[in-house]
>>> print(open('input.txt').read())   # compact mmCIF, C-alpha atoms and all ligand atoms
# COMPACT_ATOMS: atom_id res chain seq x y z
CA MET A 10 -46.80 2.49 -14.22
CA SER A 11 -50.25 3.05 -15.67
CA VAL A 12 -52.98 3.12 -13.07
CA PRO A 13 -56.51 2.09 -14.04
CA ARG A 14 -58.96 4.92 -13.36
CA ASN A 15 -62.67 4.92 -12.71
CA MET A 16 -65.19 7.23 -14.40
CA PHE A 17 -64.36 10.08 -11.98
CA GLY A 18 -60.66 9.96 -12.75
CA ALA A 19 -59.68 8.55 -9.35
CA PRO A 20 -57.49 5.45 -9.34
CA ALA A 21 -59.69 2.35 -9.30
CA PRO A 22 -59.07 0.15 -6.26
CA ALA A 23 -56.73 -2.76 -6.83
CA GLU A 24 -58.02 -6.28 -6.26
CA TRP A 25 -56.30 -6.49 -2.88
CA GLN A 26 -58.04 -3.27 -1.80
CA GLN A 27 -61.38 -4.76 -2.80
CA GLN A 28 -60.49 -7.86 -0.80
CA MET A 29 -59.82 -5.70 2.27
CA ARG A 30 -63.30 -4.21 1.91
CA LEU A 31 -64.70 -7.74 2.12
CA ALA A 32 -62.67 -8.57 5.24
CA ILE A 33 -64.39 -9.95 8.33
CA ARG A 34 -64.49 -7.16 10.91
CA ASN A 35 -66.45 -8.54 13.82
CA LEU A 36 -66.55 -11.56 16.04
CA ASP A 37 -70.05 -12.72 15.14
CA ALA A 38 -69.23 -12.74 11.43
CA LEU A 39 -66.02 -14.68 12.08
CA LEU A 40 -67.78 -17.33 14.13
CA GLU A 41 -70.60 -17.60 11.65
CA ALA A 42 -68.22 -17.97 8.71
CA LEU A 43 -66.55 -20.89 10.51
CA SER A 44 -69.74 -22.49 11.87
CA LEU A 45 -68.66 -21.94 15.47
CA THR A 46 -70.60 -20.68 18.48
CA PRO A 47 -69.32 -18.43 21.31
CA GLU A 48 -69.57 -21.51 23.58
CA ASP A 49 -67.19 -23.46 21.31
CA VAL A 50 -64.43 -20.91 21.68
CA ARG A 51 -65.01 -18.90 24.92
CA VAL A 52 -64.73 -15.46 23.37
CA CYS A 53 -64.34 -12.03 24.93
CA ALA A 54 -66.71 -9.46 23.46
CA GLN A 55 -65.01 -6.57 25.27
CA ALA A 56 -61.60 -7.48 23.78
CA ALA A 57 -63.23 -7.66 20.35
CA ARG A 58 -64.36 -4.05 20.81
CA ASP A 59 -61.00 -2.76 22.11
CA PHE A 60 -58.98 -4.37 19.26
CA PRO A 61 -61.46 -5.37 16.55
CA VAL A 62 -61.40 -8.65 14.71
CA LEU A 63 -59.93 -8.31 11.22
CA VAL A 64 -59.48 -11.23 8.80
CA PRO A 65 -59.32 -10.91 5.01
CA PRO A 66 -61.18 -13.51 2.93
CA ALA A 67 -57.95 -15.07 1.65
CA MET A 68 -56.90 -15.95 5.20
CA LEU A 69 -60.37 -17.04 6.27
CA ALA A 70 -60.31 -19.49 3.37
CA ARG A 71 -57.37 -21.29 4.99
CA MET A 72 -59.17 -21.81 8.33
CA ARG A 73 -61.09 -25.03 8.95
CA ALA A 74 -64.80 -24.62 9.56
CA GLY A 75 -65.96 -26.12 12.85
CA ASP A 76 -62.43 -26.34 14.31
CA ALA A 77 -62.16 -24.23 17.45
CA ARG A 78 -58.45 -25.17 17.76
CA ASP A 79 -57.50 -24.11 14.24
CA PRO A 80 -54.00 -22.56 14.44
CA LEU A 81 -54.94 -19.70 12.10
CA LEU A 82 -58.16 -18.95 13.97
CA LEU A 83 -56.38 -18.88 17.33
CA GLN A 84 -54.12 -16.08 16.07
CA VAL A 85 -57.09 -13.78 15.44
CA LEU A 86 -59.73 -14.89 17.95
CA PRO A 87 -60.47 -12.62 20.94
CA ARG A 88 -60.58 -15.22 23.69
CA TYR A 89 -61.88 -14.59 27.19
CA GLU A 90 -58.30 -14.85 28.56
CA GLU A 91 -57.59 -11.42 27.05
CA SER A 92 -59.63 -9.84 29.81
CA LEU A 93 -57.40 -11.31 32.54
CA ASP A 94 -55.01 -8.94 34.23
CA VAL A 95 -51.70 -10.84 34.46
CA SER A 96 -48.84 -9.23 36.34
CA GLY A 97 -45.87 -8.33 34.15
CA TYR A 98 -48.05 -7.95 31.02
CA VAL A 99 -48.22 -4.25 30.16
CA ASN A 100 -49.27 -1.86 27.39
CA ASP A 101 -45.76 -0.87 26.22
CA PRO A 102 -43.64 -3.97 26.94
CA LEU A 103 -40.71 -2.83 24.80
CA ALA A 104 -40.59 0.68 26.23
CA GLU A 105 -40.90 1.92 22.66
CA SER A 106 -42.12 5.27 23.83
CA ALA A 107 -38.51 5.92 24.85
CA ALA A 108 -37.13 5.10 21.37
CA VAL A 109 -39.54 7.32 19.45
CA LEU A 110 -37.84 10.04 17.41
CA GLY A 111 -41.18 11.51 16.32
CA ASP A 112 -43.04 11.36 13.00
CA GLY A 113 -43.31 7.58 13.25
CA MET A 114 -39.55 6.96 13.53
CA LEU A 115 -37.97 4.60 16.05
CA GLN A 116 -34.27 4.08 16.43
CA LYS A 117 -33.06 1.42 18.81
CA TYR A 118 -30.22 -0.21 16.91
CA ALA A 119 -27.11 1.00 15.10
CA GLY A 120 -27.49 1.79 11.42
CA ARG A 121 -31.19 0.96 11.22
CA LEU A 122 -34.07 3.39 11.27
CA LEU A 123 -37.52 1.86 11.78
CA LEU A 124 -40.53 3.66 10.46
CA ILE A 125 -44.11 3.16 11.64
CA SER A 126 -45.35 3.75 8.12
CA THR A 127 -49.05 3.18 8.80
CA ALA A 128 -51.31 2.00 11.60
CA ALA A 129 -53.28 -0.32 9.35
CA CYS A 130 -52.79 -4.07 9.07
CA ALA A 131 -54.46 -6.68 6.86
CA VAL A 132 -55.11 -8.88 9.88
CA HIS A 133 -55.34 -8.24 13.61
CA CYS A 134 -53.12 -10.64 15.56
CA ARG A 135 -54.24 -10.95 19.16
CA TYR A 136 -50.69 -11.27 20.57
CA CYS A 137 -49.43 -8.18 18.75
CA PHE A 138 -47.10 -6.07 20.84
CA ARG A 139 -48.25 -2.99 19.02
CA ARG A 140 -51.93 -3.50 19.85
CA HIS A 141 -51.80 -0.72 22.43
CA PHE A 142 -49.40 1.50 20.49
CA PRO A 143 -50.57 5.13 20.25
CA TYR A 144 -50.56 5.07 16.45
CA ALA A 145 -52.42 8.32 16.08
CA ASP A 146 -49.39 10.13 17.54
CA HIS A 147 -46.80 8.38 15.37
CA GLN A 148 -47.29 8.05 11.66
CA ALA A 149 -44.95 8.83 8.86
CA ALA A 150 -46.76 8.79 5.55
CA GLY A 151 -48.94 11.83 6.07
CA ASN A 152 -46.30 14.49 5.32
CA GLU A 153 -45.02 13.04 2.04
CA TRP A 154 -42.27 11.38 4.08
CA ARG A 155 -40.39 14.63 4.69
CA ALA A 156 -39.33 13.78 8.24
CA VAL A 157 -37.86 10.37 7.45
CA LEU A 158 -35.98 11.68 4.43
CA ALA A 159 -34.54 14.48 6.53
CA ALA A 160 -33.52 12.01 9.26
CA LEU A 161 -31.80 9.69 6.76
CA ARG A 162 -29.93 12.57 5.15
CA ALA A 163 -28.89 14.04 8.49
CA ASP A 164 -27.36 10.80 9.81
CA PRO A 165 -25.04 9.04 7.33
CA THR A 166 -24.60 6.10 9.73
CA LEU A 167 -28.17 5.04 8.87
CA ARG A 168 -27.68 2.32 6.24
CA GLU A 169 -31.02 0.58 6.42
CA LEU A 170 -34.58 1.83 6.45
CA ILE A 171 -37.11 -0.57 7.93
CA LEU A 172 -40.74 -0.04 7.03
CA SER A 173 -42.88 -1.47 9.75
CA GLY A 174 -46.29 -0.67 11.11
CA GLY A 175 -48.92 -1.74 11.13
CA ASP A 176 -48.19 -3.27 7.76
CA PRO A 177 -46.37 -1.06 5.23
CA LEU A 178 -47.98 -2.92 2.32
CA MET A 179 -51.37 -1.57 3.43
CA LEU A 180 -50.19 1.71 1.91
CA ALA A 181 -51.31 2.26 -1.65
CA ASP A 182 -48.61 1.84 -4.29
CA ARG A 183 -48.56 5.56 -5.02
CA ARG A 184 -47.73 6.36 -1.37
CA LEU A 185 -44.91 3.82 -1.39
CA ALA A 186 -43.74 5.07 -4.79
CA SER A 187 -43.47 8.59 -3.41
CA LEU A 188 -41.12 7.40 -0.67
CA PHE A 189 -39.13 5.03 -2.85
CA THR A 190 -38.49 7.65 -5.49
CA GLN A 191 -37.29 10.15 -2.92
CA LEU A 192 -34.94 7.56 -1.38
CA ARG A 193 -32.86 7.83 -4.56
CA ASP A 194 -31.55 11.07 -3.11
CA VAL A 195 -30.19 9.37 0.02
CA PRO A 196 -26.77 8.17 -1.10
CA GLY A 197 -25.84 6.37 2.14
CA LEU A 198 -28.82 4.03 2.09
CA ARG A 199 -27.81 0.41 1.38
CA ARG A 200 -30.95 -1.60 2.16
CA VAL A 201 -34.69 -1.18 2.52
CA ARG A 202 -36.52 -3.72 4.62
CA LEU A 203 -40.26 -4.29 4.83
CA HIS A 204 -41.84 -6.07 7.79
CA THR A 205 -45.09 -7.44 6.38
CA ARG A 206 -47.66 -10.21 6.72
CA MET A 207 -49.47 -9.26 3.54
CA PRO A 208 -47.85 -11.50 0.90
CA VAL A 209 -49.16 -14.44 2.94
CA VAL A 210 -52.43 -13.24 4.51
CA LEU A 211 -53.50 -11.51 1.29
CA PRO A 212 -51.36 -12.84 -1.60
CA GLN A 213 -53.26 -10.63 -4.07
CA ARG A 214 -51.20 -7.75 -2.64
CA VAL A 215 -48.26 -9.00 -4.73
CA ASP A 216 -49.53 -7.63 -8.01
CA ASP A 217 -48.00 -5.86 -11.02
CA GLY A 218 -48.38 -2.50 -9.28
CA LEU A 219 -46.41 -3.60 -6.22
CA LEU A 220 -43.62 -5.13 -8.28
CA ALA A 221 -43.33 -1.95 -10.35
CA THR A 222 -43.25 0.08 -7.13
CA LEU A 223 -40.52 -2.05 -5.53
CA ALA A 224 -38.48 -1.65 -8.71
CA LEU A 225 -38.27 2.08 -7.96
CA LEU A 226 -36.02 1.42 -4.97
CA PRO A 227 -32.39 2.32 -5.48
CA CYS A 228 -31.04 -0.53 -3.30
CA PRO A 229 -31.69 -4.19 -2.41
CA VAL A 230 -35.03 -5.01 -0.79
CA VAL A 231 -35.42 -7.40 2.13
CA MET A 232 -38.89 -8.61 3.05
CA VAL A 233 -39.29 -10.07 6.51
CA LEU A 234 -42.56 -11.99 6.49
CA HIS A 235 -44.50 -13.06 9.55
CA VAL A 236 -45.83 -16.59 9.16
CA ASN A 237 -46.50 -18.65 12.28
CA HIS A 238 -47.93 -21.88 10.94
CA ALA A 239 -47.42 -24.02 7.82
CA ARG A 240 -51.18 -23.97 7.18
CA GLU A 241 -50.88 -20.29 6.29
CA LEU A 242 -49.01 -21.41 3.16
CA ASP A 243 -50.69 -22.71 0.02
CA ALA A 244 -50.49 -22.46 -3.77
CA THR A 245 -51.56 -18.79 -3.70
CA THR A 246 -48.76 -17.80 -1.32
CA ALA A 247 -46.29 -19.88 -3.34
CA ALA A 248 -47.18 -17.88 -6.46
CA ALA A 249 -46.93 -14.52 -4.68
CA LEU A 250 -43.60 -15.37 -3.04
CA ALA A 251 -42.20 -16.72 -6.32
CA ARG A 252 -42.95 -13.37 -7.97
CA LEU A 253 -41.12 -11.52 -5.18
CA SER A 254 -38.12 -13.87 -5.41
CA ALA A 255 -38.01 -13.45 -9.17
CA ALA A 256 -37.95 -9.68 -8.62
CA GLY A 257 -34.81 -10.09 -6.52
CA VAL A 258 -36.41 -9.55 -3.11
CA THR A 259 -34.64 -11.40 -0.26
CA LEU A 260 -37.34 -13.27 1.67
CA LEU A 261 -36.98 -14.02 5.39
CA ASN A 262 -39.51 -15.01 8.03
CA GLN A 263 -39.99 -14.08 11.64
CA ALA A 264 -42.49 -16.07 13.65
CA VAL A 265 -43.76 -15.66 17.18
CA LEU A 266 -43.70 -18.72 19.43
CA LEU A 267 -47.35 -19.13 20.46
CA ARG A 268 -48.82 -21.60 22.90
CA ASP A 269 -51.16 -24.17 21.33
CA ILE A 270 -50.46 -22.74 17.87
CA ASN A 271 -46.86 -23.59 16.95
CA ASP A 272 -45.13 -24.67 20.18
CA ASP A 273 -44.39 -28.26 19.16
CA VAL A 274 -41.61 -29.79 17.07
CA ALA A 275 -43.89 -30.99 14.27
CA SER A 276 -45.44 -27.55 13.74
CA GLN A 277 -42.07 -25.83 13.78
CA THR A 278 -40.53 -28.36 11.38
CA GLN A 279 -43.42 -27.97 8.96
CA LEU A 280 -43.29 -24.19 9.24
CA TRP A 281 -39.63 -23.70 8.37
CA THR A 282 -39.45 -26.43 5.73
CA GLY A 283 -42.72 -25.21 4.20
CA LEU A 284 -41.34 -21.68 4.04
CA PHE A 285 -38.16 -22.92 2.39
CA ASP A 286 -40.26 -24.68 -0.25
CA GLN A 287 -41.70 -21.24 -1.08
CA GLY A 288 -38.31 -19.50 -1.18
CA VAL A 289 -38.19 -18.08 2.37
CA LEU A 290 -35.37 -18.54 4.87
CA PRO A 291 -35.72 -18.38 8.67
CA TYR A 292 -34.86 -15.24 10.58
CA TYR A 293 -36.25 -14.99 14.11
CA LEU A 294 -38.50 -17.06 16.30
CA HIS A 295 -39.60 -14.50 18.87
CA LEU A 296 -40.55 -15.20 22.43
CA LEU A 297 -43.78 -13.40 23.17
CA ASP A 298 -43.49 -9.79 24.26
CA PRO A 299 -45.35 -9.41 27.55
CA VAL A 300 -48.17 -7.29 26.19
CA ALA A 301 -51.36 -6.87 28.21
CA GLY A 302 -54.05 -9.36 27.14
CA ALA A 303 -51.67 -11.87 25.53
CA ALA A 304 -50.42 -13.92 28.50
CA HIS A 305 -52.31 -17.01 27.32
CA PHE A 306 -50.02 -17.19 24.27
CA ASN A 307 -46.83 -17.35 26.32
CA VAL A 308 -44.42 -20.28 26.06
CA PRO A 309 -41.99 -20.36 29.02
CA GLU A 310 -38.33 -19.92 28.11
CA PRO A 311 -37.18 -23.43 29.23
CA ASP A 312 -39.83 -25.00 26.97
CA ALA A 313 -38.70 -22.77 24.09
CA LEU A 314 -35.07 -23.81 24.58
CA ALA A 315 -36.03 -27.49 24.61
CA LEU A 316 -38.02 -26.98 21.41
CA MET A 317 -35.01 -25.33 19.74
CA ALA A 318 -32.75 -28.25 20.69
CA ALA A 319 -35.25 -30.69 19.19
CA LEU A 320 -35.53 -28.61 16.02
CA ARG A 321 -31.77 -28.39 15.66
CA ALA A 322 -31.56 -32.18 15.89
CA ARG A 323 -33.95 -32.51 12.93
CA LEU A 324 -33.29 -29.71 10.50
CA PRO A 325 -30.30 -28.45 8.52
CA GLY A 326 -28.75 -25.49 10.29
CA TYR A 327 -29.95 -23.02 7.69
CA LEU A 328 -33.58 -23.92 8.41
CA VAL A 329 -33.34 -23.23 12.15
CA PRO A 330 -34.46 -19.73 13.20
CA ARG A 331 -32.78 -17.74 15.95
CA LEU A 332 -34.78 -17.82 19.16
CA ALA A 333 -34.89 -14.19 20.22
CA ARG A 334 -36.35 -11.91 22.82
CA GLU A 335 -36.42 -8.17 22.87
CA GLN A 336 -35.21 -6.51 26.02
CA PRO A 337 -35.77 -2.78 26.38
CA GLY A 338 -32.56 -0.77 26.31
CA HIS A 339 -30.37 -3.52 24.79
CA PRO A 340 -28.31 -2.73 21.63
CA ALA A 341 -29.81 -5.67 19.73
CA LYS A 342 -32.43 -8.33 20.11
CA THR A 343 -31.20 -10.99 22.52
CA VAL A 344 -30.55 -14.32 20.78
CA LEU A 345 -31.15 -17.18 23.24
CA ALA A 346 -30.52 -20.16 20.95
C1 LIG Q 1 -36.47 -5.27 15.76
C2 LIG Q 1 -36.09 -3.89 15.43
C3 LIG Q 1 -35.13 -3.61 14.44
C4 LIG Q 1 -34.50 -4.69 13.62
O1 LIG Q 1 -33.64 -5.51 14.34
P1 LIG Q 1 -32.90 -6.66 13.53
O2 LIG Q 1 -32.23 -7.47 14.59
O3 LIG Q 1 -31.96 -6.01 12.58
O4 LIG Q 1 -33.96 -7.42 12.81
C5 LIG Q 1 -34.77 -2.31 14.22
N1 LIG Q 1 -35.32 -1.29 14.92
C6 LIG Q 1 -36.24 -1.51 15.86
C7 LIG Q 1 -36.81 -0.35 16.58
C8 LIG Q 1 -36.67 -2.82 16.14
O5 LIG Q 1 -37.61 -3.02 17.06
S1 LIG Q 2 -48.41 -5.30 13.32
FE1 LIG Q 2 -48.08 -7.39 12.50
S2 LIG Q 2 -48.41 -8.72 14.29
FE2 LIG Q 2 -49.34 -6.73 14.78
S3 LIG Q 2 -51.49 -6.93 14.19
FE3 LIG Q 2 -50.38 -6.02 12.45
S4 LIG Q 2 -49.85 -7.78 11.15
FE4 LIG Q 2 -50.37 -8.60 13.18
>>> encode(input="input.txt", output="structure tokens")
Amino acid sequence: MSVPRNMFGAPAPAEWQQQMRLAIRNLDALLEALSLTPEDVRVCAQAARDFPVLVPPAMLARMRAGDARDPLLLQVLPRYEESLDVSGYVNDPLAESAAVLGDGMLQKYAGRLLLISTAACAVHCRYCFRRHFPYADHQAAGNEWRAVLAALRADPTLRELILSGGDPLMLADRRLASLFTQLRDVPGLRRVRLHTRMPVVLPQRVDDGLLATLALLPCPVVMVLHVNHARELDATTAAALARLSAAGVTLLNQAVLLRDINDDVASQTQLWTGLFDQGVLPYYLHLLDPVAGAAHFNVPEPDALALMAALRARLPGYLVPRLAREQPGHPAKTVLA
């Protein structure tokens, strides 16, 4: 892979990195870009300081100016409800602290090691269960991946490495390449999975450099995307996802069921059929994790079950996701329907 260099010999930033520099990083800029006022949307300035607004230009371009109910905007907008203290909504809803092996590694389930590869994301989702995660204490990339390679070699029952985050595709290609090359020396590894929003929120991330980097992996690659609404998809995501499919990457999607964003049959039908049109099959539809500040996104379980029944009556079975919830201490995610 030849990397373009600037006049000082350092690698020049890729287009997606330049796009991240142009990202919206505060509430006022977001509202201004969409011609909205704080009165239109009832924002929470304190929440915007605790977990800053972050929206790359490519995602902003898919939001509708002047629409305070836009389903993409609602995923990133710090609303006043975030400041409400709702009982049962806590900082570590999945008790992840208990599953931490150190150096960014989490193991909850048989055969799969999950790596918090970076704290950075391309977008800040207000309902994110990791929004209070103590990232500074748990990160894997800093030590040239020594800890994760040692863990994989020490435990031959680990067949799958899951790169999560944050968003693993926020790492520069050379950081990923360092890991992927070293994984060739882990004979038991059968699959590498990436949990990422980037091919959709910033389709420029799927560039020649990324495809060359993925090709370094010694085993099949699964990408689990995170798309919540059909309006996140357009011709630019279609092109990016087509390149990944052509490179042999298995594309799946996990969505979160979010009140007023995708909790109706029409939205869900459009989401999963729209994803299929771009080469992506359903994986999970997650019930919200009860994370502090996100209670206003919750869809009660009976409503979720009714929605699943309606979806199943409309769609072929292979386009229906599994409705799932994570329960701390269980050996797998709990599939409800
Ligand atoms: C969700 C999760 C996985 C993956 O579970 P799958 O059901 O295989 O998608 C693995 N490890 C951890 C820690 C997880 O939270
Ligand atoms: S980890 Fe995923 S859900 Fe959470 S803020 Fe980052 S991109 Fe959004």
>>> residues_near_ligand(input="input.txt", ligand="ligand LIG 1 (chain Q)", cutoff="10 Å", atoms="all atoms listed in the file", output="JSON, numbers by chain")
{"A": [103, 105, 108, 109, 114, 115, 116, 117, 118, 119, 120, 121, 122, 123, 124, 125, 169, 170, 171, 172, 173, 202, 204, 233, 263, 292, 293, 333, 334, 335, 336, 337, 340, 341, 342, 343, 344]}
>>> write_last_selection(input="input.txt", atoms="C-alpha atoms", output="PDB file, in the frame of the given file")
ATOM      1  CA  LEU A 103     -40.710  -2.830  24.800  1.00  0.00           C
ATOM      2  CA  GLU A 105     -40.900   1.920  22.660  1.00  0.00           C
ATOM      3  CA  ALA A 108     -37.130   5.100  21.370  1.00  0.00           C
ATOM      4  CA  VAL A 109     -39.540   7.320  19.450  1.00  0.00           C
ATOM      5  CA  MET A 114     -39.550   6.960  13.530  1.00  0.00           C
ATOM      6  CA  LEU A 115     -37.970   4.600  16.050  1.00  0.00           C
ATOM      7  CA  GLN A 116     -34.270   4.080  16.430  1.00  0.00           C
ATOM      8  CA  LYS A 117     -33.060   1.420  18.810  1.00  0.00           C
ATOM      9  CA  TYR A 118     -30.220  -0.210  16.910  1.00  0.00           C
ATOM     10  CA  ALA A 119     -27.110   1.000  15.100  1.00  0.00           C
ATOM     11  CA  GLY A 120     -27.490   1.790  11.420  1.00  0.00           C
ATOM     12  CA  ARG A 121     -31.190   0.960  11.220  1.00  0.00           C
ATOM     13  CA  LEU A 122     -34.070   3.390  11.270  1.00  0.00           C
ATOM     14  CA  LEU A 123     -37.520   1.860  11.780  1.00  0.00           C
ATOM     15  CA  LEU A 124     -40.530   3.660  10.460  1.00  0.00           C
ATOM     16  CA  ILE A 125     -44.110   3.160  11.640  1.00  0.00           C
ATOM     17  CA  GLU A 169     -31.020   0.580   6.420  1.00  0.00           C
ATOM     18  CA  LEU A 170     -34.580   1.830   6.450  1.00  0.00           C
ATOM     19  CA  ILE A 171     -37.110  -0.570   7.930  1.00  0.00           C
ATOM     20  CA  LEU A 172     -40.740  -0.040   7.030  1.00  0.00           C
ATOM     21  CA  SER A 173     -42.880  -1.470   9.750  1.00  0.00           C
ATOM     22  CA  ARG A 202     -36.520  -3.720   4.620  1.00  0.00           C
ATOM     23  CA  HIS A 204     -41.840  -6.070   7.790  1.00  0.00           C
ATOM     24  CA  VAL A 233     -39.290 -10.070   6.510  1.00  0.00           C
ATOM     25  CA  GLN A 263     -39.990 -14.080  11.640  1.00  0.00           C
ATOM     26  CA  TYR A 292     -34.860 -15.240  10.580  1.00  0.00           C
ATOM     27  CA  TYR A 293     -36.250 -14.990  14.110  1.00  0.00           C
ATOM     28  CA  ALA A 333     -34.890 -14.190  20.220  1.00  0.00           C
ATOM     29  CA  ARG A 334     -36.350 -11.910  22.820  1.00  0.00           C
ATOM     30  CA  GLU A 335     -36.420  -8.170  22.870  1.00  0.00           C
ATOM     31  CA  GLN A 336     -35.210  -6.510  26.020  1.00  0.00           C
ATOM     32  CA  PRO A 337     -35.770  -2.780  26.380  1.00  0.00           C
ATOM     33  CA  PRO A 340     -28.310  -2.730  21.630  1.00  0.00           C
ATOM     34  CA  ALA A 341     -29.810  -5.670  19.730  1.00  0.00           C
ATOM     35  CA  LYS A 342     -32.430  -8.330  20.110  1.00  0.00           C
ATOM     36  CA  THR A 343     -31.200 -10.990  22.520  1.00  0.00           C
ATOM     37  CA  VAL A 344     -30.550 -14.320  20.780  1.00  0.00           C
TER      38      VAL A 344
END
>>> atom_distance(input="input.txt", atom1="atom CA of Leu266 of chain A", atom2="atom CA of Ala301 of chain A")
16.6 Å
>>> residues_around(input="input.txt", residues="Leu178 of chain A", least_positions_apart="5", cutoff="8 Å", atoms="all atoms listed in the file", output="mmCIF file with C-alpha atoms, in the coordinates of the input")
data_model
loop_
_atom_site.group_PDB
_atom_site.id
_atom_site.type_symbol
_atom_site.label_atom_id
_atom_site.label_comp_id
_atom_site.auth_asym_id
_atom_site.auth_seq_id
_atom_site.Cartn_x
_atom_site.Cartn_y
_atom_site.Cartn_z
ATOM 1 C CA THR A 205 -45.090 -7.440 6.380
ATOM 2 C CA MET A 207 -49.470 -9.260 3.540
ATOM 3 C CA ARG A 214 -51.200 -7.750 -2.640
#
>>> residues_near_ligand(input="input.txt", ligand="ligand LIG 2 (chain Q)", cutoff="7 Å", atoms="only C-alpha atoms and all ligand atoms", output="MDAnalysis selection string")
chainID A and resid 130:135 137:140 174:176 205:206
>>> residues_around(input="input.txt", residues="Ala303 of chain A", least_positions_apart="3", cutoff="10 Å", atoms="only C-alpha atoms", output="number ranges by chain")
A: 87-88, 90-95, 98-99, 135-138, 267, 297-300, 306-307
>>> closest_residue(input="input.txt", among="A:Leu81, A:Ala304, A:Val258, A:Ala159", to="Asn271 of chain A", atoms="all atoms listed in the file")
A:Leu81
>>> closest_residue(input="input.txt", among="A:Asp79, A:Asp194, A:Asp243, A:Asp273", to="Leu226 of chain A", atoms="only C-alpha atoms")
A:Asp194
>>> residues_around(input="input.txt", residues="Arg34 of chain A", least_positions_apart="6", cutoff="8 Å", atoms="all atoms listed in the file", output="PyMOL selection string")
chain A and resi 61-64
>>> atom_distance(input="input.txt", atom1="atom CA of Leu328 of chain A", atom2="atom CA of Ala315 of chain A")
16.8 Å
>>> residues_near_point(input="input.txt", point="(-40.0, -1.0, -11.9)", cutoff="12 Å", atoms="all atoms listed in the file", output="list in words")
Met10, Ser11, Asp182, Ala186, Phe189, Thr190, Asp217, Gly218, Leu219, Leu220, Ala221, Thr222, Leu223, Ala224, Leu225, Leu226, Pro227, Ala256 and Gly257 of chain A
>>> atom_distance(input="input.txt", atom1="atom CA of Ala239 of chain A", atom2="atom CA of Asp286 of chain A")
10.8 Å
>>> residues_around(input="input.txt", residues="Val329 of chain A", least_positions_apart="5", cutoff="7 Å", atoms="all atoms listed in the file", output="JSON, numbers by chain")
{"A": [291, 320, 321, 324]}
>>> residues_around(input="input.txt", residues="Pro208 of chain A", least_positions_apart="2", cutoff="8 Å", atoms="all atoms listed in the file", output="NGL selection string")
:A and (205-206 or 210-215 or 234 or 246 or 249-250)
>>> residues_near_point(input="input.txt", point="(-55.7, -19.4, 5.7)", cutoff="12 Å", atoms="all atoms listed in the file", output="number ranges by chain")
A: 43, 64-74, 79-85, 132, 209-212, 236-246
>>> decode(input="input.txt", residues="segment 178-187 of chain A", atoms="N, CA, C and O atoms", output="compact mmCIF listing (two decimals), in the first residue's frame")
# COMPACT_ATOMS: atom_id res chain seq x y z
N LEU A 178 -13.14 1.85 12.96
CA LEU A 178 -12.69 2.45 11.70
C LEU A 178 -12.26 3.90 11.87
O LEU A 178 -11.81 4.53 10.91
N MET A 179 -12.33 4.43 13.11
CA MET A 179 -11.70 5.73 13.38
C MET A 179 -10.18 5.58 13.48
O MET A 179 -9.45 6.58 13.41
N LEU A 180 -9.70 4.37 13.66
CA LEU A 180 -8.25 4.16 13.67
C LEU A 180 -7.71 4.32 12.25
O LEU A 180 -8.35 3.90 11.28
N ALA A 181 -6.53 4.92 12.16
CA ALA A 181 -5.90 5.07 10.85
C ALA A 181 -5.56 3.69 10.29
O ALA A 181 -5.34 2.73 11.04
N ASP A 182 -5.52 3.59 8.98
CA ASP A 182 -5.26 2.31 8.32
C ASP A 182 -3.98 1.65 8.84
O ASP A 182 -3.92 0.44 9.02
N ARG A 183 -2.95 2.49 9.13
CA ARG A 183 -1.68 1.85 9.53
C ARG A 183 -1.81 1.20 10.91
O ARG A 183 -1.16 0.20 11.19
N ARG A 184 -2.68 1.75 11.79
CA ARG A 184 -2.89 1.11 13.09
C ARG A 184 -3.61 -0.21 12.91
O ARG A 184 -3.27 -1.22 13.53
N LEU A 185 -4.65 -0.20 12.06
CA LEU A 185 -5.38 -1.44 11.78
C LEU A 185 -4.46 -2.46 11.11
O LEU A 185 -4.47 -3.65 11.45
N ALA A 186 -3.65 -1.98 10.17
CA ALA A 186 -2.75 -2.88 9.44
C ALA A 186 -1.78 -3.57 10.39
O ALA A 186 -1.47 -4.77 10.24
N SER A 187 -1.34 -2.84 11.41
CA SER A 187 -0.42 -3.44 12.38
C SER A 187 -1.08 -4.62 13.09
O SER A 187 -0.49 -5.69 13.25
